[in-house]
$ cat final-v3.cif   # mmCIF, C-alpha atoms
data_start
loop_
_atom_site.label_atom_id
_atom_site.label_comp_id
_atom_site.auth_asym_id
_atom_site.auth_seq_id
_atom_site.Cartn_x
_atom_site.Cartn_y
_atom_site.Cartn_z
CA MET N 6 0.00 0.00 0.00
CA VAL N 7 2.81 2.39 0.87
CA GLU N 8 4.48 1.73 -2.48
CA LEU N 9 1.18 2.18 -4.35
CA VAL N 10 0.73 5.62 -2.78
CA LYS N 11 4.33 6.64 -3.41
CA LYS N 12 4.43 5.80 -7.12
CA PRO N 13 1.79 8.31 -8.35
CA THR N 14 2.22 10.95 -5.62
CA GLY N 15 5.87 10.75 -4.59
CA ALA N 16 4.82 11.03 -0.94
CA ASP N 17 6.23 8.73 1.74
CA VAL N 18 3.47 7.48 4.02
CA PRO N 19 4.84 5.92 7.22
CA LYS N 20 4.02 2.25 7.45
CA ARG N 21 2.27 2.51 10.82
CA GLN N 22 0.09 5.35 9.58
CA ALA N 23 -0.82 3.32 6.50
CA GLU N 24 -1.84 0.40 8.70
CA GLU N 25 -4.02 2.64 10.85
CA LEU N 26 -5.67 4.11 7.74
CA ALA N 27 -6.38 0.62 6.43
CA VAL N 28 -8.02 -0.36 9.73
CA ARG N 29 -10.19 2.75 9.71
CA ALA N 30 -11.19 2.21 6.08
CA ALA N 31 -12.08 -1.43 6.70
CA GLN N 32 -14.48 -0.76 9.58
CA ASP N 33 -17.33 -0.04 7.14
CA PHE N 34 -16.62 -3.02 4.87
CA ASP N 35 -19.55 -5.19 5.96
CA ALA N 36 -22.03 -2.32 6.09
CA PHE N 37 -20.99 -1.05 2.66
CA TYR N 38 -21.63 -4.36 0.90
CA ARG N 39 -24.78 -5.07 2.91
CA GLU N 40 -26.47 -1.70 2.28
CA ARG N 41 -25.23 -0.77 -1.19
CA PRO N 42 -27.90 -0.67 -3.91
CA SER N 43 -27.66 -3.66 -6.22
CA THR N 44 -29.32 -4.40 -9.53
CA PRO N 45 -30.27 -7.99 -10.34
CA GLU N 46 -28.25 -9.50 -13.16
CA VAL N 47 -30.20 -10.00 -16.36
CA THR N 48 -28.66 -13.27 -17.52
CA ASP N 49 -29.22 -17.00 -17.50
CA ASP N 50 -25.57 -17.82 -16.80
CA LEU N 51 -24.52 -19.89 -13.82
CA LEU N 52 -24.34 -18.25 -10.42
CA VAL N 53 -21.30 -19.80 -8.76
CA LEU N 54 -20.38 -19.72 -5.08
CA SER N 55 -17.24 -21.17 -3.57
CA PHE N 56 -15.79 -21.34 -0.07
CA ASP N 57 -12.53 -22.33 1.52
CA GLY N 58 -10.55 -21.83 4.69
CA LYS N 59 -6.98 -20.69 5.18
CA GLY N 60 -5.04 -20.88 8.41
CA ILE N 61 -2.99 -17.84 9.39
CA ALA N 62 -0.35 -17.95 12.10
CA MET N 63 -1.39 -15.60 14.91
CA ARG N 64 -0.10 -14.31 18.20
CA LEU N 65 -1.43 -16.18 21.20
CA GLU N 66 -3.71 -13.35 22.33
CA ASP N 67 -5.31 -13.10 18.85
CA LEU N 68 -6.35 -16.75 18.61
CA ARG N 69 -9.95 -17.80 19.11
CA ALA N 70 -10.82 -18.76 22.69
CA ALA N 71 -10.82 -22.53 22.17
CA THR N 72 -7.62 -22.49 20.11
CA ARG N 73 -5.91 -20.16 22.58
CA LYS N 74 -6.79 -22.49 25.44
CA ALA N 75 -5.39 -25.49 23.57
CA ALA N 76 -2.22 -23.57 22.66
CA ALA N 77 -1.69 -22.47 26.26
CA ALA N 78 -2.02 -26.08 27.40
CA THR N 79 0.73 -27.20 25.01
CA PRO N 80 4.15 -26.83 26.69
CA ARG N 81 6.83 -25.00 24.70
CA ARG N 82 10.10 -26.91 24.37
CA LEU N 83 11.95 -24.07 22.61
CA GLN N 84 11.64 -20.31 22.99
CA THR N 85 12.58 -19.22 19.47
CA ARG N 86 10.52 -21.59 17.29
CA LEU N 87 7.73 -24.15 17.39
CA THR N 88 8.69 -27.81 17.34
CA GLN N 89 6.80 -30.83 16.08
CA GLY N 90 3.42 -31.16 17.77
CA GLU N 91 3.21 -27.46 18.78
CA LYS N 92 2.01 -25.98 15.48
CA PRO N 93 -1.62 -27.19 15.13
CA ASN N 94 -3.00 -24.70 17.68
CA ARG N 95 -1.08 -21.63 16.50
CA LYS N 96 -3.32 -20.58 13.61
CA ARG N 97 -6.64 -18.85 13.20
CA MET N 98 -8.80 -19.95 10.33
CA ALA N 99 -9.84 -17.28 7.85
CA LYS N 100 -12.97 -18.05 5.87
CA VAL N 101 -12.74 -17.14 2.18
CA ALA N 102 -15.78 -16.74 -0.07
CA THR N 103 -16.41 -15.81 -3.69
CA VAL N 104 -19.49 -15.22 -5.83
CA TYR N 105 -19.32 -14.82 -9.60
CA THR N 106 -21.18 -15.37 -12.85
CA LEU N 107 -19.98 -17.96 -15.34
CA ALA N 108 -21.33 -19.00 -18.73
CA PRO N 109 -22.04 -22.75 -19.05
CA TRP N 110 -19.30 -24.64 -20.88
CA PRO N 111 -20.27 -28.20 -21.86
CA ARG N 112 -17.24 -30.46 -22.17
CA GLU N 113 -16.30 -34.01 -22.92
CA ILE N 114 -14.13 -36.28 -20.79
CA GLY N 115 -11.27 -35.88 -23.25
CA ASP N 116 -11.36 -32.10 -22.77
CA VAL N 117 -10.66 -32.54 -19.04
CA LEU N 118 -7.98 -35.20 -19.44
CA HIS N 119 -6.17 -33.28 -22.16
CA GLY N 120 -6.59 -30.07 -20.18
CA LEU N 121 -4.48 -31.53 -17.38
CA GLY N 122 -1.46 -31.26 -19.65
CA GLN N 123 -2.30 -28.27 -21.81
CA ARG N 124 -4.54 -25.23 -21.40
CA ASP N 125 -7.09 -23.96 -23.89
CA ASP N 126 -7.64 -20.46 -22.53
CA ALA N 127 -9.30 -19.17 -25.69
CA ALA N 128 -12.36 -21.42 -25.40
CA ARG N 129 -12.75 -21.22 -21.62
CA PRO N 130 -15.38 -18.70 -20.40
CA ARG N 131 -14.14 -16.17 -17.87
CA PRO N 132 -15.83 -15.39 -14.54
CA THR N 133 -17.64 -12.05 -14.56
CA ASN N 134 -18.94 -9.78 -11.81
CA LYS N 135 -16.66 -11.59 -9.39
CA ARG N 136 -16.54 -10.62 -5.74
CA VAL N 137 -13.99 -12.23 -3.42
CA TRP N 138 -13.61 -11.55 0.28
CA ALA N 139 -12.35 -13.15 3.46
CA SER N 140 -12.84 -12.71 7.15
CA ILE N 141 -10.73 -13.75 10.09
CA GLU N 142 -13.10 -12.03 12.54
CA HIS N 143 -16.45 -13.60 11.62
CA ASN N 144 -17.19 -17.29 11.93
CA ALA N 145 -17.67 -19.60 8.96
CA GLN N 146 -21.50 -19.52 9.07
CA ARG N 147 -21.52 -15.71 8.97
CA VAL N 148 -19.29 -15.63 5.87
CA ILE N 149 -21.37 -18.30 4.11
CA ASP N 150 -24.59 -16.44 4.92
CA ASP N 151 -23.10 -13.23 3.53
CA ALA N 152 -22.19 -15.03 0.30
CA PHE N 153 -25.71 -16.37 -0.10
CA ASP N 154 -27.14 -12.91 0.54
CA GLU N 155 -24.83 -11.52 -2.12
CA ALA N 156 -25.99 -14.17 -4.58
CA LEU N 157 -29.62 -13.50 -3.68
CA ARG N 158 -29.20 -9.82 -4.52
CA ARG N 159 -28.01 -10.86 -7.97
CA ASP N 160 -30.82 -13.37 -8.49
CA PRO N 161 -33.77 -12.42 -6.26
CA ALA N 162 -36.21 -14.44 -8.39
CA ARG N 163 -34.05 -17.59 -7.98
CA HIS N 164 -34.48 -18.57 -11.62
CA ARG N 165 -30.78 -19.14 -12.36
CA ARG N 166 -28.81 -22.27 -11.55
CA TRP N 167 -26.78 -21.93 -8.37
CA VAL N 168 -23.57 -23.97 -8.25
CA VAL N 169 -21.49 -24.34 -5.08
CA LEU N 170 -17.90 -25.61 -5.30
CA ILE N 171 -16.43 -27.12 -2.13
CA ASP N 172 -13.48 -29.27 -1.07
CA GLY N 173 -15.47 -31.91 0.79
CA GLN N 174 -15.25 -30.68 4.38
CA LEU N 175 -18.35 -32.06 6.09
CA ASP N 176 -18.88 -29.16 8.48
CA GLN N 177 -18.62 -26.67 5.63
CA ARG N 178 -21.14 -28.61 3.55
CA ARG N 179 -23.64 -28.66 6.38
CA ARG N 180 -23.36 -24.90 6.81
CA ILE N 181 -23.90 -24.38 3.07
CA GLU N 182 -26.97 -26.62 3.02
CA ARG N 183 -28.32 -24.77 6.07
CA ALA N 184 -27.89 -21.39 4.39
CA ALA N 185 -29.52 -22.60 1.16
CA ALA N 186 -32.50 -24.10 2.99
CA LYS N 187 -33.00 -20.90 4.98
CA ARG N 188 -33.30 -18.89 1.74
CA GLY N 189 -35.27 -21.46 -0.20
CA VAL N 190 -32.61 -21.86 -2.88
CA LEU N 191 -31.97 -25.05 -4.84
CA ILE N 192 -28.20 -25.53 -5.18
CA THR N 193 -25.95 -27.96 -7.02
CA ILE N 194 -22.90 -28.88 -4.95
CA VAL N 195 -19.82 -30.01 -6.89
CA LEU N 196 -16.73 -31.48 -5.26
CA ASP N 197 -13.47 -29.92 -6.40
CA ILE N 198 -11.77 -32.34 -8.81
CA VAL N 199 -8.33 -31.13 -7.72
CA HIS N 200 -8.95 -32.34 -4.15
CA VAL N 201 -10.10 -35.69 -5.50
CA LEU N 202 -6.90 -35.94 -7.56
CA GLU N 203 -4.76 -35.27 -4.49
CA TYR N 204 -6.38 -38.16 -2.66
CA LEU N 205 -5.98 -40.42 -5.69
CA TRP N 206 -2.28 -39.54 -5.86
CA CYS N 207 -1.83 -40.47 -2.20
CA ALA N 208 -3.27 -43.90 -2.94
CA ALA N 209 -1.20 -44.19 -6.13
CA HIS N 210 2.05 -43.59 -4.25
CA ALA N 211 1.06 -46.36 -1.85
CA PHE N 212 0.82 -48.88 -4.69
CA HIS N 213 3.62 -47.36 -6.81
CA PRO N 214 6.20 -45.65 -4.55
CA GLY N 215 8.40 -42.94 -6.01
CA ALA N 216 8.06 -40.95 -9.24
CA HIS N 217 6.81 -43.91 -11.22
CA ALA N 218 5.01 -43.66 -14.58
CA ALA N 219 2.71 -46.45 -13.44
CA ALA N 220 1.40 -44.18 -10.66
CA GLU N 221 0.38 -41.55 -13.22
CA GLN N 222 -1.41 -44.16 -15.32
CA TRP N 223 -3.12 -45.51 -12.20
CA VAL N 224 -4.45 -42.06 -11.27
CA GLU N 225 -5.60 -41.38 -14.83
CA GLY N 226 -7.56 -44.65 -14.85
CA ARG N 227 -9.44 -43.81 -11.62
CA LEU N 228 -10.04 -40.25 -12.77
CA LEU N 229 -11.47 -41.54 -16.04
CA ALA N 230 -13.81 -43.81 -14.08
CA LEU N 231 -15.12 -40.88 -12.00
CA LEU N 232 -15.53 -38.61 -15.02
CA SER N 233 -17.43 -41.39 -16.82
CA GLY N 234 -20.05 -41.55 -14.09
CA ARG N 235 -18.84 -44.30 -11.78
CA SER N 236 -19.73 -43.51 -8.19
CA GLY N 237 -17.22 -42.81 -5.48
CA GLY N 238 -18.40 -45.93 -3.68
CA GLU N 239 -17.52 -48.10 -6.67
CA VAL N 240 -14.02 -46.65 -6.95
CA ALA N 241 -13.54 -46.97 -3.19
CA LYS N 242 -14.60 -50.63 -3.35
CA SER N 243 -11.96 -51.30 -6.01
CA LEU N 244 -9.32 -49.62 -3.83
CA ARG N 245 -10.16 -51.79 -0.84
CA LEU N 246 -10.10 -54.86 -3.07
CA MET N 247 -6.60 -53.90 -4.18
CA LEU N 248 -5.59 -53.65 -0.52
CA THR N 249 -6.37 -57.32 -0.03
CA ARG N 250 -4.21 -58.26 -3.03
CA HIS N 251 -1.16 -56.17 -2.09
CA ASP N 252 0.96 -56.60 0.98
CA LEU N 253 1.33 -52.91 1.89
CA GLU N 254 2.97 -51.39 4.91
CA ALA N 255 0.74 -49.86 7.57
CA ALA N 256 1.35 -46.26 6.46
CA ALA N 257 0.64 -47.03 2.80
CA ALA N 258 -2.50 -48.99 3.63
CA LYS N 259 -3.70 -46.11 5.80
CA ALA N 260 -3.35 -43.70 2.84
CA VAL N 261 -5.40 -45.98 0.60
CA GLU N 262 -8.10 -46.39 3.25
CA LYS N 263 -8.20 -42.61 3.74
CA THR N 264 -8.77 -42.12 0.01
CA ALA N 265 -11.53 -44.73 -0.03
CA ASN N 266 -13.29 -43.10 2.94
CA TYR N 267 -13.10 -39.70 1.24
CA LEU N 268 -14.72 -41.05 -1.93
CA VAL N 269 -17.48 -42.84 -0.02
CA LYS N 270 -18.24 -39.81 2.14
CA ASN N 271 -18.59 -37.52 -0.91
CA THR N 272 -20.00 -40.00 -3.42
CA ARG N 273 -23.17 -38.00 -4.09
CA LEU N 274 -21.06 -34.97 -5.04
CA LEU N 275 -19.00 -36.84 -7.66
CA HIS N 276 -21.40 -36.80 -10.61
CA TYR N 277 -18.84 -35.28 -12.93
CA ASP N 278 -20.47 -36.79 -16.02
CA ARG N 279 -23.58 -34.69 -15.39
CA ALA N 280 -21.54 -31.61 -14.48
CA LEU N 281 -19.55 -31.78 -17.73
CA LYS N 282 -22.71 -32.30 -19.77
CA ASP N 283 -24.43 -29.30 -18.14
CA GLY N 284 -21.32 -27.10 -18.49
CA LEU N 285 -20.69 -26.70 -14.76
CA PRO N 286 -17.27 -25.85 -13.29
CA ILE N 287 -15.60 -28.75 -11.46
CA ALA N 288 -12.52 -27.02 -10.00
CA THR N 289 -12.07 -24.26 -7.40
CA GLY N 290 -9.38 -22.20 -9.10
CA VAL N 291 -11.01 -18.87 -8.22
CA ILE N 292 -11.15 -19.52 -4.48
CA LYS N 293 -7.65 -20.99 -4.41
CA GLY N 294 -6.30 -17.81 -5.99
CA ALA N 295 -8.12 -15.83 -3.31
CA CYS N 296 -6.51 -17.94 -0.58
CA ARG N 297 -3.05 -17.26 -2.01
CA TYR N 298 -3.78 -13.54 -2.05
CA LEU N 299 -5.09 -13.70 1.49
CA VAL N 300 -1.83 -15.28 2.63
CA LEU N 301 0.10 -12.50 0.90
CA VAL N 302 -1.96 -9.76 2.52
CA ALA N 303 -1.75 -11.44 5.92
CA HIS N 304 2.08 -11.21 5.72
CA ARG N 305 2.81 -14.85 6.24
CA ARG N 306 6.56 -14.88 6.45
CA ARG N 307 7.38 -18.32 5.14
CA GLY N 308 7.96 -18.16 1.40
CA HIS N 309 7.00 -14.49 1.11
CA PRO N 310 9.37 -12.51 -1.20
CA ALA N 311 9.31 -9.50 1.11
CA ALA N 312 10.18 -11.54 4.18
CA ALA N 313 13.88 -11.70 3.38
CA ARG N 314 14.02 -7.95 2.76
CA VAL N 315 12.29 -7.16 6.06
CA ALA N 316 14.56 -9.54 7.96
CA ASN N 317 17.67 -8.07 6.32
CA GLU N 318 16.59 -4.55 7.24
CA ARG N 319 16.16 -5.55 10.88
CA ARG N 320 19.57 -7.18 10.96
CA LEU N 321 21.12 -4.10 9.39
CA ARG N 322 19.55 -1.94 12.10
CA ARG N 323 21.19 -4.12 14.73
CA LEU N 324 24.55 -4.02 12.93
CA LEU N 325 24.41 -0.25 12.57
CA GLY N 326 23.39 0.26 16.18
CA VAL N 327 20.00 1.78 15.26
CA SER N 328 16.94 0.81 17.26
CA PRO N 329 13.94 -0.38 15.21
CA ARG N 330 11.76 2.56 16.20
CA GLU N 331 14.56 5.08 15.61
CA GLY N 332 15.50 3.46 12.33
CA ALA N 333 11.93 3.69 11.07
CA ARG N 334 12.03 7.47 11.53
CA ALA N 335 15.56 8.28 10.51
CA TYR N 336 16.55 5.78 7.88
CA PRO N 337 13.68 4.57 5.69
CA PRO N 338 14.56 2.21 4.10
CA VAL N 339 17.43 1.05 6.31
CA THR N 340 20.17 -0.04 3.96
CA LEU N 341 23.79 0.98 3.77
CA ARG N 342 22.99 3.12 0.74
CA GLY N 343 20.11 4.79 2.61
CA ARG N 344 22.27 5.58 5.64
CA ARG N 345 24.93 7.24 3.52
CA ARG N 346 22.34 9.58 2.09
CA ALA N 347 20.99 10.38 5.54
CA GLU N 348 24.36 11.20 7.11
CA PRO N 349 26.26 14.38 6.27
CA ALA N 350 29.62 13.81 4.62
CA SER N 351 31.48 15.19 7.64
CA ALA N 352 29.89 12.64 9.95
CA ARG N 353 31.00 9.61 7.97
CA ALA N 354 33.89 7.60 9.30
CA PRO N 355 36.79 7.22 6.88
CA ALA N 356 36.81 3.89 5.08
CA PRO N 357 39.52 1.54 6.40
CA ALA N 358 42.30 0.48 4.12
CA ALA N 359 42.32 -3.05 2.74
CA GLY N 360 43.73 -5.45 5.31
CA GLN N 361 43.36 -3.01 8.21
CA VAL N 362 42.45 -4.79 11.44
CA ILE N 363 39.67 -3.51 13.71
CA GLY N 364 39.40 -5.46 16.91
CA ASN N 365 40.68 -8.96 16.29
CA ALA N 366 39.52 -9.49 12.70
CA PRO N 367 40.29 -7.88 9.32
CA VAL N 368 37.59 -5.65 7.92
CA GLU N 369 35.83 -6.65 4.75
CA ARG N 370 34.40 -3.72 2.84
CA CYS N 371 30.62 -3.93 2.65
CA SER N 372 28.91 -3.39 -0.65
CA GLU N 373 26.67 -0.37 -0.86
CA ARG N 374 23.79 -2.73 -1.62
CA ALA N 375 22.64 -4.84 1.32
CA ALA N 376 23.63 -8.46 0.77
CA PRO N 377 21.50 -11.40 1.85
CA TRP N 378 22.12 -12.42 5.43
CA ASP N 379 24.45 -15.40 5.69
CA GLY N 380 25.35 -15.43 9.37
CA PRO N 381 27.12 -13.14 11.83
CA PRO N 382 29.60 -10.67 10.29
CA ARG N 383 33.33 -11.12 10.45
CA GLY N 384 34.73 -7.97 12.01
CA ARG N 385 32.73 -4.78 11.97
CA CYS N 386 30.76 -3.47 9.03
CA VAL N 387 31.90 0.09 8.23
CA SER N 388 29.99 2.33 5.85
#

$ encode --input "final-v3.cif" --output "structure tokens"
Amino acid sequence: MVELVKKPTGADVPKRQAEELAVRAAQDFDAFYRERPSTPEVTDDLLVLSFDGKGIAMRLEDLRAATRKAAAATPRRLQTRLTQGEKPNRKRMAKVATVYTLAPWPREIGDVLHGLGQRDDAARPRPTNKRVWASIEHNAQRVIDDAFDEALRRDPARHRRWVVLIDGQLDQRRRIERAAAKRGVLITIVLDIVHVLEYLWCAAHAFHPGAHAAAEQWVEGRLLALLSGRSGGEVAKSLRLMLTRHDLEAAAAKAVEKTANYLVKNTRLLHYDRALKDGLPIATGVIKGACRYLVLVAHRRRGHPAAARVANERRLRRLLGVSPREGARAYPPVTLRGRRRAEPASARAPAPAAGQVIGNAPVERCSERAAPWDGPPRGRCVS
């Protein structure tokens, strides 16, 4: 946000002030979308809803009450990081929802199987009038109800076909069915094919360990059976029959049984032959993209491109003897190049000659550009 403001205006907005402005602007989010005037969509296209959850690592005091109690009851073995068994109760689940309009796109089985290896973006209809949002404050039922209210504003007469894409979580499905029944809406629930594929791959690796071509063929065969109209119970029965014919280890057998249970539990949502014929979506790409964006906005450190830069800046502050709060005021951004610009020329210490010893170690000249952190410095870094 700070960079977006700086590019067109040239003004530097302090980060803390930007965060406070964002909080103030977001306080009317729910009221704005609930009270804004909306015009029903004049179309017969599909009205698609999708939901997912994303865990975000939180401070202990910001966890929900039950999760905070469980986290407090788990003893910490280390002070600087979480060890195995301590991570499950350190996240708060954010509920993500999306509502959009999509033109029906009838497809054949071959279109799906070939689409796994190559994309035909020209023929694929694009979502329109898409709204995506997430909440870490409200519970899952509140977010699902808000999504159904949003869809009802677009189709108050309930004459369009409502399609709901889910990942198979039983509690989520019950909440969706409760919200639909409350509003008198007939919905078609479709299980995300990508989740089904992940379970099939777990079973495939049990029968064909390693990166084996036979595992890929095995998955393709079961996927073809589901796309052709075979029920999840039939495919699960074949998996359990294979268990009796193979002498698998306990862990591998457990993975196969888990896949079979998943297919049985969601068998009435696996009518992909009908979905393809009617042109319904069978994958949750829109909501998965929203979850990735949510993680980016929530500043999850692991894997975030900005994480290394933030960490390097903090380490530079420590090396330069600048406190974090002082450095935020005096040296934004805190790099060696930035500090040289901030200091007058007369205040700079003369650069040591090559090979000169400060303390007990020779000085290595630092580059003007901050280098990635690779451990404690040898000697003292002199700008």

$ resolve_selection --input "final-v3.cif" --expression "the PyMOL selection byres ((chain N and resi 162) around 12)" --output "list of chain:residue names"
N:Pro45, N:Glu46, N:Val47, N:Thr48, N:Asp49, N:Ala156, N:Leu157, N:Arg158, N:Arg159, N:Asp160, N:Pro161, N:Arg163, N:His164, N:Arg165, N:Arg166, N:Arg188, N:Gly189, N:Val190, N:Leu191

$ write_last_selection --input "final-v3.cif" --atoms "C-alpha atoms" --output "CSV table (one decimal), in the coordinates of the input"
chain,number,residue,atom,x,y,z
N,45,PRO,CA,-30.3,-8.0,-10.3
N,46,GLU,CA,-28.2,-9.5,-13.2
N,47,VAL,CA,-30.2,-10.0,-16.4
N,48,THR,CA,-28.7,-13.3,-17.5
N,49,ASP,CA,-29.2,-17.0,-17.5
N,156,ALA,CA,-26.0,-14.2,-4.6
N,157,LEU,CA,-29.6,-13.5,-3.7
N,158,ARG,CA,-29.2,-9.8,-4.5
N,159,ARG,CA,-28.0,-10.9,-8.0
N,160,ASP,CA,-30.8,-13.4,-8.5
N,161,PRO,CA,-33.8,-12.4,-6.3
N,163,ARG,CA,-34.0,-17.6,-8.0
N,164,HIS,CA,-34.5,-18.6,-11.6
N,165,ARG,CA,-30.8,-19.1,-12.4
N,166,ARG,CA,-28.8,-22.3,-11.6
N,188,ARG,CA,-33.3,-18.9,1.7
N,189,GLY,CA,-35.3,-21.5,-0.2
N,190,VAL,CA,-32.6,-21.9,-2.9
N,191,LEU,CA,-32.0,-25.0,-4.8

$ closest_residue --input "final-v3.cif" --among "N:Ala216, N:Ala78, N:Ala255, N:Val7" --to "N:Ala27" --atoms "all atoms listed in the file"
N:Val7

$ residues_around --input "final-v3.cif" --residues "N:Lys135" --least-positions-apart "5" --cutoff "12 Å" --atoms "all atoms listed in the file" --output "list in words"
Leu52, Val53, Leu54, Ser55, Ala102, Thr103, Val104, Tyr105, Thr106, Leu107, Ala152, Glu155, Ala156, Arg159, Val291, Ile292 and Ala295 of chain N

$ resolve_selection --input "final-v3.cif" --expression "the PyMOL selection byres ((chain N and resi 281) around 10)" --output "PDB file with C-alpha atoms, in the coordinates of the input"
ATOM      1  CA  PRO N 109     -22.040 -22.750 -19.050  1.00  0.00           C
ATOM      2  CA  TRP N 110     -19.300 -24.640 -20.880  1.00  0.00           C
ATOM      3  CA  PRO N 111     -20.270 -28.200 -21.860  1.00  0.00           C
ATOM      4  CA  ARG N 112     -17.240 -30.460 -22.170  1.00  0.00           C
ATOM      5  CA  GLU N 113     -16.300 -34.010 -22.920  1.00  0.00           C
ATOM      6  CA  ILE N 114     -14.130 -36.280 -20.790  1.00  0.00           C
ATOM      7  CA  ASP N 116     -11.360 -32.100 -22.770  1.00  0.00           C
ATOM      8  CA  VAL N 117     -10.660 -32.540 -19.040  1.00  0.00           C
ATOM      9  CA  LEU N 232     -15.530 -38.610 -15.020  1.00  0.00           C
ATOM     10  CA  SER N 233     -17.430 -41.390 -16.820  1.00  0.00           C
ATOM     11  CA  HIS N 276     -21.400 -36.800 -10.610  1.00  0.00           C
ATOM     12  CA  TYR N 277     -18.840 -35.280 -12.930  1.00  0.00           C
ATOM     13  CA  ASP N 278     -20.470 -36.790 -16.020  1.00  0.00           C
ATOM     14  CA  ARG N 279     -23.580 -34.690 -15.390  1.00  0.00           C
ATOM     15  CA  ALA N 280     -21.540 -31.610 -14.480  1.00  0.00           C
ATOM     16  CA  LYS N 282     -22.710 -32.300 -19.770  1.00  0.00           C
ATOM     17  CA  ASP N 283     -24.430 -29.300 -18.140  1.00  0.00           C
ATOM     18  CA  GLY N 284     -21.320 -27.100 -18.490  1.00  0.00           C
ATOM     19  CA  LEU N 285     -20.690 -26.700 -14.760  1.00  0.00           C
ATOM     20  CA  PRO N 286     -17.270 -25.850 -13.290  1.00  0.00           C
ATOM     21  CA  ILE N 287     -15.600 -28.750 -11.460  1.00  0.00           C
TER      22      ILE N 287
END

$ closest_residue --input "final-v3.cif" --among "N:Lys12, N:Asp17, N:Leu87, N:Ser243" --to "N:Ala230" --atoms "all atoms listed in the file"
N:Ser243

$ atom_distance --input "final-v3.cif" --atom1 "atom CA of N:Trp167" --atom2 "atom CA of N:Ile192"
5.0 Å

$ atom_distance --input "final-v3.cif" --atom1 "atom CA of N:Arg95" --atom2 "atom CA of N:Gly60"
9.0 Å

$ residues_around --input "final-v3.cif" --residues "N:Asn144" --least-positions-apart "4" --cutoff "8 Å" --atoms "only C-alpha atoms" --output "number ranges by chain"
N: 100, 140, 148

$ atom_distance --input "final-v3.cif" --atom1 "atom CA of N:Phe56" --atom2 "atom CA of N:Lys74"
27.1 Å

$ resolve_selection --input "final-v3.cif" --expression "the PyMOL selection byres ((chain N and resi 207) around 9)" --output "PDB file with C-alpha atoms, keeping the file's coordinate frame"
ATOM      1  CA  LEU N 202      -6.900 -35.940  -7.560  1.00  0.00           C
ATOM      2  CA  GLU N 203      -4.760 -35.270  -4.490  1.00  0.00           C
ATOM      3  CA  TYR N 204      -6.380 -38.160  -2.660  1.00  0.00           C
ATOM      4  CA  LEU N 205      -5.980 -40.420  -5.690  1.00  0.00           C
ATOM      5  CA  TRP N 206      -2.280 -39.540  -5.860  1.00  0.00           C
ATOM      6  CA  ALA N 208      -3.270 -43.900  -2.940  1.00  0.00           C
ATOM      7  CA  ALA N 209      -1.200 -44.190  -6.130  1.00  0.00           C
ATOM      8  CA  HIS N 210       2.050 -43.590  -4.250  1.00  0.00           C
ATOM      9  CA  ALA N 211       1.060 -46.360  -1.850  1.00  0.00           C
ATOM     10  CA  ALA N 257       0.640 -47.030   2.800  1.00  0.00           C
ATOM     11  CA  ALA N 260      -3.350 -43.700   2.840  1.00  0.00           C
ATOM     12  CA  VAL N 261      -5.400 -45.980   0.600  1.00  0.00           C
ATOM     13  CA  LYS N 263      -8.200 -42.610   3.740  1.00  0.00           C
ATOM     14  CA  THR N 264      -8.770 -42.120   0.010  1.00  0.00           C
TER      15      THR N 264
END

$ closest_residue --input "final-v3.cif" --among "N:Leu83, N:Ala128, N:Ala288, N:Ala139" --to "N:Phe34" --atoms "all atoms listed in the file"
N:Ala139

$ closest_residue --input "final-v3.cif" --among "N:Leu246, N:Val195, N:Leu229, N:Ala186" --to "N:Leu170" --atoms "all atoms listed in the file"
N:Val195

$ residues_near_point --input "final-v3.cif" --point "(-22.1, -7.8, 6.8)" --cutoff "12 Å" --atoms "all atoms listed in the file" --output "NGL selection string"
:N and (31-41 or 138-140 or 142-144 or 146-155)

$ axis_aligned_box --input "final-v3.cif" --around "stretch 197-213 of chain N" --padding-each-side "8 Å" --output "lines of an AutoDock Vina configuration file"
center_x = -4.9
center_y = -39.4
center_z = -5.3
size_x = 33.1
size_y = 35.0
size_z = 23.0
